[in-house]
4 protein chains.
Amino acid sequence: MINIGVLGCGYWGPKHIRVCHEMSNAKLSAVCDLDEKKLQQVQIQYPGVKTTPRFSDFLRNNIDAVVIATPVHTHHRLAREALLNGKHVMIEKPMTSNSQEALELIELAEKRKLVLMVGHTYQYHPAVDYLKDLIGRGELGQLYGIDADRLNLGLFRPDVNVIWDLAPHDISIMLTLVNSDPIAVSARGTHHIDERVCDVAYIEVLFANGTMGHVHVSWLHPRKIRQITIVGSQKMAVYDDVSETEKIHIYDKGVAVPNEGNGNGNGNGNGHNRFSAWPPNYRYGNVVIPFISNAEPLKVECSHFIKCITEGIKPKSDGRMGLRVTSVLEAADKSLATAGQRVKLDLASMAVV
Amino acid sequence: MINIGVLGCGYWGPKHIRVCHEMSNAKLSAVCDLDEKKLQQVQIQYPGVKTTPRFSDFLRNNIDAVVIATPVHTHHRLAREALLNGKHVMIEKPMTSNSQEALELIELAEKRKLVLMVGHTYQYHPAVDYLKDLIGRGELGQLYGIDADRLNLGLFRPDVNVIWDLAPHDISIMLTLVNSDPIAVSARGTHHIDERVCDVAYIEVLFANGTMGHVHVSWLHPRKIRQITIVGSQKMAVYDDVSETEKIHIYDKGVAVPNEGNGNGNGNGNGHNRFSAWPPNYRYGNVVIPFISNAEPLKVECSHFIKCITEGIKPKSDGRMGLRVTSVLEAADKSLATAGQRVKLDLASMAVV
Amino acid sequence: MINIGVLGCGYWGPKHIRVCHEMSNAKLSAVCDLDEKKLQQVQIQYPGVKTTPRFSDFLRNNIDAVVIATPVHTHHRLAREALLNGKHVMIEKPMTSNSQEALELIELAEKRKLVLMVGHTYQYHPAVDYLKDLIGRGELGQLYGIDADRLNLGLFRPDVNVIWDLAPHDISIMLTLVNSDPIAVSARGTHHIDERVCDVAYIEVLFANGTMGHVHVSWLHPRKIRQITIVGSQKMAVYDDVSETEKIHIYDKGVAVPNEGNGNGNGNGNGHNRFSAWPPNYRYGNVVIPFISNAEPLKVECSHFIKCITEGIKPKSDGRMGLRVTSVLEAADKSLATAGQRVKLDLASMAVV
Amino acid sequence: MINIGVLGCGYWGPKHIRVCHEMSNAKLSAVCDLDEKKLQQVQIQYPGVKTTPRFSDFLRNNIDAVVIATPVHTHHRLAREALLNGKHVMIEKPMTSNSQEALELIELAEKRKLVLMVGHTYQYHPAVDYLKDLIGRGELGQLYGIDADRLNLGLFRPDVNVIWDLAPHDISIMLTLVNSDPIAVSARGTHHIDERVCDVAYIEVLFANGTMGHVHVSWLHPRKIRQITIVGSQKMAVYDDVSETEKIHIYDKGVAVPNEGNGNGNGNGNGHNRFSAWPPNYRYGNVVIPFISNAEPLKVECSHFIKCITEGIKPKSDGRMGLRVTSVLEAADKSLATAGQRVKLDLASMAVV
């Protein structure tokens with residue numbers, strides 16, 4: 001039985017509290033938040049759980065692991081303390097405010113032989129597992145591009161801009177699906193509500209294998225959209241996370257790359273045809289909507305965390321994935337500050353001992 | 001009765017031929033294309049129409065006006081010839097291969113007192129009229145951003161890249177709706193099928209009034225999407241051109257800009273709240289789907305062309321609009337060639353006498 | 001503070017338990033179910049609540065009101081006992097197995113001056129309130145017809161057929177919206193899975209004011225559909241309960257009734273035109289999707305129950321509504337057993353003292 | 001080269017004229033309609049075609065085959081004349097006003113060895129072909145039920161009620177897909193606009209093999225719906241004819257029939273589980289959207305008609321199918337007139353020599 005303490009009762013905290021409470025092989029022992037009112041609510045719903053506004057008291061409880069769901073700028077400090085006190089740690093995404101902080105935590109956790117996991121929930125989403133497997137089997141062929149749209153009206157966050165709020169989801173999914181290193185990032189964005197915070201952004205992520213990634217995030221959109229489109233040389237797929245029952249569509253369609261060999265087509269009435277065989281050959285086939293289990297990702301994530309602690313295995317979304325995502329966000333911010341210049345990334349060089 | 005000749009029987013040509021044929025106050029007199037087979041088909045469907053593969057013969061027919069629907073790189077030469085021969089001219093979009101060519105045609109048409117119109121069909125689309133009026137009345141408030149997606153599998157074109165093929169629609173719509181000068185353009189893109197032609201692109205268009213425009217065009221997408229989202233300070237609108245009966249959704253929703261006056265909100269548990277009043281105030285209201293007439297834009301466009309000729313008035317989509325759109329496309333290509341650098345635009349300086 | 005006891009931990013029971021637990025002016029005191037395992041689960045989630053498998057023990061607890069969520073055939077006996085023991089009662093829909101049982105309970109509750117409410121949840125659904133108000137204001141004009149579809153794969157019930165399982169929702173909504181007495185009912189149906197239970201049915205409900213109601217219910221449909229279409233002489237509305245954000249569409253469209261005055265139109269090429277003015281005049285206008293609050297109906301229902309108890313007022317969904325719905329279901333079963341004969345209904349005669 | 005004459009320029013006539021005109025192995029020779037204006041329009045669009053308002057003159061033209069697209073009550077008389085004059089005949093659906101008239105035409109055509117075809121367009125729709133093949137291969141298992149909805153606002157017809165206008169489509173499709181004789185028909189309906197014409201109807205069609213068919217047709221619905229749902233013991237399918245690209249969804253889902261071995265419950269309204277194995281076993285699998293060719297059904301139908309004439313083969317939608325559909329419509333009208341009584345059908349007995 002693993003004793004778990006949860007830090008923070010904002011947006012994600014209560015979800016972790018509920019899920020920990022429902023775990024059979026774990027026990028929700030303590031909860032910490034600066035807001036006493038929120039702690040009282042926890043007391044009512046979960047009598048027996050120790051609550052405190054002081055982090056030091058919190059750590060004194062009999063807890064094996066800590067879930068950190070506080071504002072991003074506090075992640076590094078709180079995680080560091082927890083690790084130094086011998087606690088296993090799961091940090092909500094994004095992992096830290098910058099890659100340096102992430103690196104420190106990774107090294108510290110490895111020294112102390114403690115589990116360090118980042119709450120990239122989509123790594124535990126059945127739909128993402130399905131897509132990862134689909135791509136792994138080569139069903140989509142070569143990955144041309146991957147497009148993510150995460151749009152809605154709000155919720156504005158006080159501690160980070162829209163990129164750090166929404167893009168971690170899509171970037172972690174892309175890193176998993178493309179399975180190649182991002183080598184350059186650029187971002188365009190603007191602010192409409194508060195001049196100090198970007199609320200709409202377009203991020204380009206170029207991968208080593210040639211796949212072009214693009215992420216559109218916004219807090220100012222009339223519709224709630226959470227969609228990822230994957231274009232492959234053989235098939236294409238759309239993952240609509242808002243749909244309850246038809247999350248994934250797989251399109252057996254594409255266009256045949258013209259054979260450069262017998263290049264002598266001349267196009268339709270002009271001498272400028274760049275294609276050797278014109279017009280290109282379009283292929284239209286069936287669409288398949290696979291059945292996707294509706295297991296709650298957060299529960300899967302939480303039991304994975306417990307499994308990693310008890311069996312001493314490496315989390316699917318470990319510190320390194322947290323670092324990779326943070327590095328992309330960092331680069332996006334840098335690009336945003338330089339009118340969208342492409343910022344080179346070298347994750348390999350960040351490799352930790 | 002205006003006698004019209006149509007140049008080109010590719011994709012748009014036959015549409016113009018059909019529409020001209022149905023006009024009551026115009027007569028389809030002659031058709032010209034390099035492909036004799038296509039001319040034969042025209043003969044069968046429209047007995048009596050003169051057809052020829054030679055442009056010189058074509059011009060010798062008794063025609064008052066010419067519709068040019070040939071590959072873009074031929075527009076300038078053919079339009080110039082037609083104007084020099086005293087014909088009124090409508091050119092399919094995009095107007096020319098570059099802004100210099102467009103300027104020449106504008107000056108020539110003005111010297112010769114001939115109508116020069118560009119086939120920006122959406123300028124004659126009831127849905128665009130509706131949106132223009134809606135924005136004009138200030139119903140959306142200040143325009144924050146406008147997002148266009150024009151995606152499908154194909155149709156690859158032999159003469160231009162995806163930007164010049166699809167973006168003219170969206171850029172001309174944006175120019176009309178935003179009603180402000182674009183001051184900078186940048187574009188990201190890539191090619192998957194033919195290394196010499198960009199088939200997926202993301203274009204940023206910044207307007208003088210602060211509106212941020214973004215256009216996503218692709219020939220490699222599993223779904224046919226033609227959508228424009230307009231985010232205003234008061235309301236938001238989505239225009240889905242693929243939908244038959246529900247083309248426009250108007251969302252009476254938004255977020256109140258926090259009052260900067262008493263700026264010292266403290267956010268939820270951290271000292272980093274940038275908002276003076278936290279959390280921001282979200283407003284959710286009704287959605288209205290206005291009834292939009294299903295008049296065929298191409299017919300409206302064609303009768304407008306005839307009206308301009310007979311009444312000597314300036315077309316809604318005149319050479320200047322064609323020039324503005326071409327200039328944005330030109331800037332996009334330039335940006336594409338420089339890893340997405342922002343390219344400044346100064347349309348005012350292009351003003352023609 | 002009202003002490004509430006819940007009977008039954010099947011499908012609806014746990015929902016009532018959760019909602020009662022969250023009420024500020026009520027207390028979940030006791031839970032009763034034949035299945036000890038289910039009672040243990042309740043104990044774990046709601047420590048402090050008294051649980052027992054024996055109804056007699058259950059009634060001995062200090063409870064003011066009872067929520068009955070057991071199989072339909074037990075409703076009458078359990079509700080009767082509860083009323084005789086001075087408890088206010090809310091019964092899940094359908095109220096009883098037949099109208100006679102319903103009448104007895106109504107009379108008993110009135111004698112004892114106790115609240116008797118039936119759990120017709122949709123009476124507390126913001127969307128139904130909106131439609132009721134819309135129709136009340138005459139916005140739809142005269143109600144021509146109302147169509148309900150409640151379809152899905154499962155869930156088959158062990159105690160009732162598909163009519164008694166799903167149609168109570170739609171019939172109670174119709175009774176509220178049409179606001180007229182049903183005068184005749186007929187039903188067609190069949191069974192595919194178990195020859196003893198109808199799993200697909202089509203029910204016709206004729207109302208005194210001429211409105212034609214139709215209900216299609218099925219446990220064997222590939223899609224989850226919960227839709228009600230209301231056709232009025234002025235406007236039409238569709239209520240899609242499955243949609244999260246666009247539950248109601250109001251269509252400003254219709255057809256003008258031909259003026260019977262100058263009746264001598266001749267139609268198109270035949271002498272059989274029955275219309276005095278041909279063709280009829282179709283009207284197409286805007287569609288409005290009103291913003292509907294997402295308040296949880298079951299919570300609204302529960303607080304209404306408490307309000308009725310504390311303030312001694314008549315519930316929106318009182319015994320009489322329960323009786324009316326049960327009578328329609330009864331008639332439907334009768335029709336089903338006679339190859340769809342129309343069964344006359346005379347609810348007025350059922351009026352209780 | 002078959003010479004074709006078209007009778008009637010109402011709704012379907014012009015479509016047949018266009019299609020005949022486009023046929024390579026047929027020639028549109030003559031057109032007949034009472035309305036001279038309509039004939040003039042034909043002259044303008046199709047110079048060279050002979051037009052006349054007199055049927056006798058029409059028949060005197062050099063035509064091998066006649067397409068009859070006039071009001072239903074004239075079908076029998078005109079078709080009879082045409083056959084007596086040795087013309088092959090295609091009649092628009094519904095074939096005739098009653099089954100007796102249909103029988104006469106069938107016998108006459110057989111005596112004269114002439115092709116008699118009925119314009120049940122859906123018999124030539126790629127989607128229906130696909131479904132027929134799917135069911136033929138047994139992929140759906142045993143057919144439980146088939147549901148058709150054909151709804152829209154209008155178009156009211158002057159010569160027939162909504163059943164005779166819209167249901168022929170769905171009944172002909174059902175006859176093809178269920179591939180069993182309809183043995184009983186009942187119909188409910190009402191009129192809202194003109195008391196002499198039913199504008200909303202619900203039709204039940206029971207088939208010999210146990211499949212239950214249901215057709216809902218309406219001229220008074222806010223949405224344009226053309227949908228057919230097929231529920232089988234193995235899979236289910238939905239055919240949405242309004243969708244452009246996703247016409248058919250095949251659902252690999254169902255419920256396992258409980259083992260009847262130790263079943264011992266009895267009906268509804270009792271607490272005994274009627275299922276030997278409770279709860280039933282639901283199966284949820286993938287959804288497949290097959291690619292369906294977008295060939296125009298009317299063109300396929302017309303070339304089939306010509307093929308039948310030239311090769312002397314029996315049409316897919318011959319007189320017998322027309323008779324079968326007409327018989328079901330006849331029975332529906334009879335039921336409508338008797339408050340929905342089930343009307344028995346015995347098509348076998350109608351078998352023509």
# chains A, B, ... in the order shown; residues from 1 in each chain; ligands from 1
>>> residues_around(residues="stretch 246-251 of chain C", least_positions_apart="3", cutoff="7 Å", atoms="only C-alpha atoms", output="PDB file with N, CA and C atoms, in the first residue's frame")
ATOM      1  N   LYS C 235     -42.709  27.803 -36.212  1.00  0.00           N
ATOM      2  CA  LYS C 235     -41.305  27.403 -36.167  1.00  0.00           C
ATOM      3  C   LYS C 235     -41.213  25.933 -35.818  1.00  0.00           C
ATOM      4  N   MET C 236     -40.005  25.398 -35.919  1.00  0.00           N
ATOM      5  CA  MET C 236     -39.764  24.005 -35.572  1.00  0.00           C
ATOM      6  C   MET C 236     -38.540  23.955 -34.662  1.00  0.00           C
ATOM      7  N   ALA C 237     -38.471  22.933 -33.817  1.00  0.00           N
ATOM      8  CA  ALA C 237     -37.338  22.815 -32.915  1.00  0.00           C
ATOM      9  C   ALA C 237     -36.880  21.370 -32.825  1.00  0.00           C
ATOM     10  N   VAL C 238     -35.577  21.192 -32.667  1.00  0.00           N
ATOM     11  CA  VAL C 238     -35.017  19.869 -32.440  1.00  0.00           C
ATOM     12  C   VAL C 238     -34.217  19.925 -31.150  1.00  0.00           C
ATOM     13  N   TYR C 239     -34.499  18.991 -30.254  1.00  0.00           N
ATOM     14  CA  TYR C 239     -33.805  18.911 -28.984  1.00  0.00           C
ATOM     15  C   TYR C 239     -32.972  17.635 -28.999  1.00  0.00           C
ATOM     16  N   ASP C 240     -31.659  17.794 -29.064  1.00  0.00           N
ATOM     17  CA  ASP C 240     -30.752  16.654 -29.108  1.00  0.00           C
ATOM     18  C   ASP C 240     -30.074  16.528 -27.749  1.00  0.00           C
ATOM     19  N   ASP C 241     -30.534  15.593 -26.949  1.00  0.00           N
ATOM     20  CA  ASP C 241     -30.040  15.495 -25.580  1.00  0.00           C
ATOM     21  C   ASP C 241     -28.640  14.897 -25.505  1.00  0.00           C
ATOM     22  N   SER C 243     -26.135  15.889 -27.497  1.00  0.00           N
ATOM     23  CA  SER C 243     -25.168  16.958 -27.734  1.00  0.00           C
ATOM     24  C   SER C 243     -24.845  17.679 -26.434  1.00  0.00           C
ATOM     25  N   ASN C 286     -33.583  31.996 -40.057  1.00  0.00           N
ATOM     26  CA  ASN C 286     -32.411  31.657 -39.253  1.00  0.00           C
ATOM     27  C   ASN C 286     -32.653  30.430 -38.373  1.00  0.00           C
ATOM     28  N   VAL C 287     -31.557  29.872 -37.921  1.00  0.00           N
ATOM     29  CA  VAL C 287     -31.623  28.829 -36.903  1.00  0.00           C
ATOM     30  C   VAL C 287     -30.972  29.407 -35.653  1.00  0.00           C
ATOM     31  N   VAL C 288     -31.590  29.202 -34.504  1.00  0.00           N
ATOM     32  CA  VAL C 288     -31.013  29.692 -33.252  1.00  0.00           C
ATOM     33  C   VAL C 288     -30.716  28.511 -32.339  1.00  0.00           C
ATOM     34  N   ILE C 289     -29.504  28.512 -31.795  1.00  0.00           N
ATOM     35  CA  ILE C 289     -29.114  27.498 -30.815  1.00  0.00           C
ATOM     36  C   ILE C 289     -28.977  28.216 -29.482  1.00  0.00           C
ATOM     37  N   PRO C 290     -30.019  28.184 -28.653  1.00  0.00           N
ATOM     38  CA  PRO C 290     -29.963  28.948 -27.408  1.00  0.00           C
ATOM     39  C   PRO C 290     -28.948  28.363 -26.432  1.00  0.00           C
TER      40      PRO C 290
ATOM     41  N   PRO D 222     -37.899  20.009 -39.960  1.00  0.00           N
ATOM     42  CA  PRO D 222     -36.922  21.105 -40.081  1.00  0.00           C
ATOM     43  C   PRO D 222     -35.628  20.706 -40.785  1.00  0.00           C
TER      44      PRO D 222
END
>>> select_by_dssp(residues="stretch 155-232 of chain B", states="alpha helix (DSSP H)", output="PyMOL selection string")
chain B and resi 162-178
>>> closest_residue(among="C:Glu311, C:Asp252, C:Asp170, C:Asp346", to="chain B", atoms="only C-alpha atoms")
C:Asp252
>>> closest_atom_pairs(of="chain B", to="chain D", cutoff="10 Å", atoms="only C-alpha atoms", output="CSV")
residue,atom,partner,partner_atom,distance
B:His21,CA,D:Gln45,CA,9.9
B:Glu22,CA,D:Gln45,CA,9.4
B:Gln45,CA,D:Tyr46,CA,9.2
B:Tyr46,CA,D:Gln45,CA,9.2
B:Pro47,CA,D:Pro47,CA,9.0
B:Arg223,CA,D:Thr245,CA,9.5
B:Lys224,CA,D:Thr245,CA,9.5
B:Thr245,CA,D:Arg223,CA,9.5
>>> residues_around(residues="B:Leu78", least_positions_apart="2", cutoff="12 Å", atoms="only C-alpha atoms", output="MDAnalysis selection string")
chainID B and resid 6:8 32 54:56 58:59 66:76 80:85 87 89:92 95:96 101 105
>>> residues_around(residues="B:Cys9", least_positions_apart="4", cutoff="10 Å", atoms="only C-alpha atoms", output="list of chain:residue names")
A:Asn268, A:Gly269, B:Gly13, B:Pro14, B:Lys15, B:His16, B:Ile17, B:Val31, B:Cys32, B:Asp33, B:Leu34, B:Asp35, B:Lys38, B:Leu39, B:Gln41, B:Val42, B:Ile68, B:Ala69, B:Thr70
>>> write_last_selection(atoms="N, CA and C atoms", output="CSV table (one decimal), in the first residue's frame")
chain,number,residue,atom,x,y,z
A,268,ASN,N,-1.4,20.0,-68.3
A,268,ASN,CA,-2.6,20.3,-69.1
A,268,ASN,C,-2.4,21.6,-69.8
A,269,GLY,N,-1.8,21.6,-71.0
A,269,GLY,CA,-1.8,22.7,-71.8
A,269,GLY,C,-0.7,23.8,-71.5
B,13,GLY,N,-12.4,27.0,-66.7
B,13,GLY,CA,-12.9,27.4,-68.0
B,13,GLY,C,-14.3,26.9,-68.2
B,14,PRO,N,-14.5,25.5,-68.2
B,14,PRO,CA,-15.9,25.0,-68.4
B,14,PRO,C,-17.0,25.6,-67.6
B,15,LYS,N,-16.6,26.0,-66.3
B,15,LYS,CA,-17.6,26.6,-65.4
B,15,LYS,C,-18.0,27.9,-66.0
B,16,HIS,N,-17.0,28.7,-66.5
B,16,HIS,CA,-17.3,30.0,-67.0
B,16,HIS,C,-18.1,29.9,-68.3
B,17,ILE,N,-17.8,28.9,-69.1
B,17,ILE,CA,-18.5,28.6,-70.3
B,17,ILE,C,-20.0,28.3,-70.0
B,31,VAL,N,-14.5,30.2,-77.8
B,31,VAL,CA,-13.7,29.5,-76.8
B,31,VAL,C,-12.4,29.1,-77.4
B,32,CYS,N,-11.3,29.3,-76.6
B,32,CYS,CA,-10.0,29.0,-77.1
B,32,CYS,C,-9.2,28.1,-76.1
B,33,ASP,N,-8.6,27.0,-76.6
B,33,ASP,CA,-7.8,26.1,-75.8
B,33,ASP,C,-6.8,25.4,-76.7
B,34,LEU,N,-5.6,25.1,-76.1
B,34,LEU,CA,-4.6,24.4,-76.9
B,34,LEU,C,-5.1,23.0,-77.3
B,35,ASP,N,-6.0,22.4,-76.4
B,35,ASP,CA,-6.4,21.0,-76.6
B,35,ASP,C,-7.6,20.9,-77.5
B,38,LYS,N,-10.8,19.1,-76.2
B,38,LYS,CA,-11.6,19.9,-75.3
B,38,LYS,C,-12.5,20.8,-76.1
B,39,LEU,N,-12.0,21.3,-77.2
B,39,LEU,CA,-12.8,22.2,-78.0
B,39,LEU,C,-13.9,21.4,-78.7
B,41,GLN,N,-15.5,18.9,-77.4
B,41,GLN,CA,-16.5,18.7,-76.4
B,41,GLN,C,-17.4,19.9,-76.3
B,42,VAL,N,-16.7,21.1,-76.3
B,42,VAL,CA,-17.5,22.4,-76.3
B,42,VAL,C,-18.4,22.5,-77.4
B,68,ILE,N,-10.3,34.9,-68.9
B,68,ILE,CA,-9.0,34.2,-68.9
B,68,ILE,C,-8.9,33.1,-67.8
B,69,ALA,N,-9.0,31.9,-68.2
B,69,ALA,CA,-8.9,30.8,-67.2
B,69,ALA,C,-7.8,29.8,-67.6
B,70,THR,N,-6.6,30.3,-67.8
B,70,THR,CA,-5.5,29.5,-68.3
B,70,THR,C,-4.5,29.5,-67.1
>>> residues_around(residues="D:Val343", least_positions_apart="6", cutoff="12 Å", atoms="only C-alpha atoms", output="number ranges by chain")
C: 339-340; D: 182-187, 203-206, 327-337
>>> residues_around(residues="B:Gln123", least_positions_apart="5", cutoff="12 Å", atoms="only C-alpha atoms", output="ChimeraX atom specification")
/B:93,117-118,128-132,168-177,296-302,304,315-318,321-322
>>> write_last_selection(atoms="N, CA and C atoms", output="CSV table (one decimal), in the first residue's frame")
chain,number,residue,atom,x,y,z
B,93,LYS,N,-8.4,34.0,-60.6
B,93,LYS,CA,-7.4,34.2,-59.6
B,93,LYS,C,-6.4,33.1,-59.5
B,117,MET,N,-11.2,42.9,-64.3
B,117,MET,CA,-11.8,42.2,-63.2
B,117,MET,C,-11.0,40.9,-62.9
B,118,VAL,N,-10.9,40.6,-61.6
B,118,VAL,CA,-10.2,39.3,-61.2
B,118,VAL,C,-11.3,38.4,-60.6
B,128,VAL,N,-20.1,35.5,-47.7
B,128,VAL,CA,-19.1,36.5,-47.5
B,128,VAL,C,-19.7,37.9,-47.4
B,129,ASP,N,-20.7,38.1,-48.2
B,129,ASP,CA,-21.5,39.4,-48.1
B,129,ASP,C,-22.1,39.5,-46.7
B,130,TYR,N,-22.6,38.4,-46.3
B,130,TYR,CA,-23.3,38.4,-44.9
B,130,TYR,C,-22.3,38.8,-43.8
B,131,LEU,N,-21.1,38.1,-43.9
B,131,LEU,CA,-20.1,38.3,-42.9
B,131,LEU,C,-19.5,39.8,-43.0
B,132,LYS,N,-19.3,40.3,-44.2
B,132,LYS,CA,-18.8,41.6,-44.4
B,132,LYS,C,-19.8,42.6,-43.7
B,168,PRO,N,-5.4,32.2,-52.4
B,168,PRO,CA,-6.1,33.4,-53.0
B,168,PRO,C,-7.5,33.6,-52.5
B,169,HIS,N,-8.2,32.4,-52.3
B,169,HIS,CA,-9.6,32.5,-51.8
B,169,HIS,C,-9.6,33.2,-50.4
B,170,ASP,N,-8.7,32.6,-49.5
B,170,ASP,CA,-8.8,33.1,-48.1
B,170,ASP,C,-8.2,34.5,-48.0
B,171,ILE,N,-7.2,34.8,-48.7
B,171,ILE,CA,-6.6,36.1,-48.6
B,171,ILE,C,-7.6,37.2,-49.1
B,172,SER,N,-8.3,36.9,-50.2
B,172,SER,CA,-9.2,37.9,-50.7
B,172,SER,C,-10.4,38.1,-49.7
B,173,ILE,N,-10.8,37.0,-49.1
B,173,ILE,CA,-11.8,37.1,-48.1
B,173,ILE,C,-11.4,37.9,-46.9
B,174,MET,N,-10.1,37.6,-46.5
B,174,MET,CA,-9.6,38.3,-45.3
B,174,MET,C,-9.5,39.8,-45.6
B,175,LEU,N,-9.0,40.1,-46.8
B,175,LEU,CA,-8.8,41.5,-47.1
B,175,LEU,C,-10.1,42.3,-47.1
B,176,THR,N,-11.2,41.5,-47.5
B,176,THR,CA,-12.5,42.1,-47.5
B,176,THR,C,-13.1,42.3,-46.1
B,177,LEU,N,-12.9,41.2,-45.3
B,177,LEU,CA,-13.5,41.2,-43.9
B,177,LEU,C,-12.7,42.1,-42.9
B,296,GLU,N,-25.6,31.1,-56.9
B,296,GLU,CA,-24.2,30.6,-57.3
B,296,GLU,C,-23.3,31.7,-57.5
B,297,PRO,N,-22.2,31.8,-56.7
B,297,PRO,CA,-21.3,32.9,-56.8
B,297,PRO,C,-20.8,33.2,-58.2
B,298,LEU,N,-20.5,32.1,-58.9
B,298,LEU,CA,-19.9,32.4,-60.3
B,298,LEU,C,-20.9,33.1,-61.2
B,299,LYS,N,-22.2,32.8,-61.0
B,299,LYS,CA,-23.2,33.5,-61.8
B,299,LYS,C,-23.3,35.0,-61.4
B,300,VAL,N,-23.2,35.2,-60.1
B,300,VAL,CA,-23.3,36.6,-59.6
B,300,VAL,C,-22.1,37.3,-60.1
B,301,GLU,N,-20.9,36.6,-60.1
B,301,GLU,CA,-19.7,37.3,-60.5
B,301,GLU,C,-19.8,37.6,-62.0
B,302,CYS,N,-20.3,36.7,-62.8
B,302,CYS,CA,-20.4,36.9,-64.2
B,302,CYS,C,-21.3,38.1,-64.6
B,304,HIS,N,-22.0,40.5,-62.6
B,304,HIS,CA,-21.4,41.7,-62.2
B,304,HIS,C,-20.4,42.2,-63.2
B,315,PRO,N,-15.4,47.1,-60.8
B,315,PRO,CA,-15.7,45.8,-60.3
B,315,PRO,C,-15.4,45.7,-58.8
B,316,LYS,N,-16.2,45.0,-58.1
B,316,LYS,CA,-15.9,44.7,-56.6
B,316,LYS,C,-14.5,44.1,-56.5
B,317,SER,N,-14.2,43.1,-57.4
B,317,SER,CA,-12.9,42.5,-57.4
B,317,SER,C,-12.1,43.0,-58.6
B,318,ASP,N,-11.6,44.3,-58.5
B,318,ASP,CA,-10.9,44.9,-59.6
B,318,ASP,C,-9.5,44.5,-59.6
B,321,MET,N,-7.6,44.7,-56.2
B,321,MET,CA,-7.8,43.6,-55.3
B,321,MET,C,-6.9,42.5,-55.8
B,322,GLY,N,-6.9,42.2,-57.1
B,322,GLY,CA,-6.0,41.2,-57.6
B,322,GLY,C,-4.6,41.4,-57.3
>>> select_by_dssp(residues="stretch 28-250 of chain D", states="strand (DSSP E or B)", output="ChimeraX atom specification")
/D:28-32,50-52,65-68,88-92,116-119,143-153,182-190,194,197,200-207,212-218,220-232,236-240,248-250
>>> atom_distance(atom1="atom CA of A:Gly213", atom2="atom CA of A:Thr229")
10.0 Å
>>> residues_around(residues="D:Ile106", least_positions_apart="3", cutoff="9 Å", atoms="only C-alpha atoms", output="ChimeraX atom specification")
/D:101-103,109-111,116,318-320,323,352
>>> closest_residue(among="A:Ala79, A:Val255, A:Ala26, A:Ala167", to="A:Asp149", atoms="only C-alpha atoms")
A:Ala167
>>> atom_distance(atom1="atom CA of A:Val217", atom2="atom CA of A:His191")
12.2 Å
>>> atom_distance(atom1="atom CA of C:Glu139", atom2="atom CA of B:Gly138")
28.4 Å
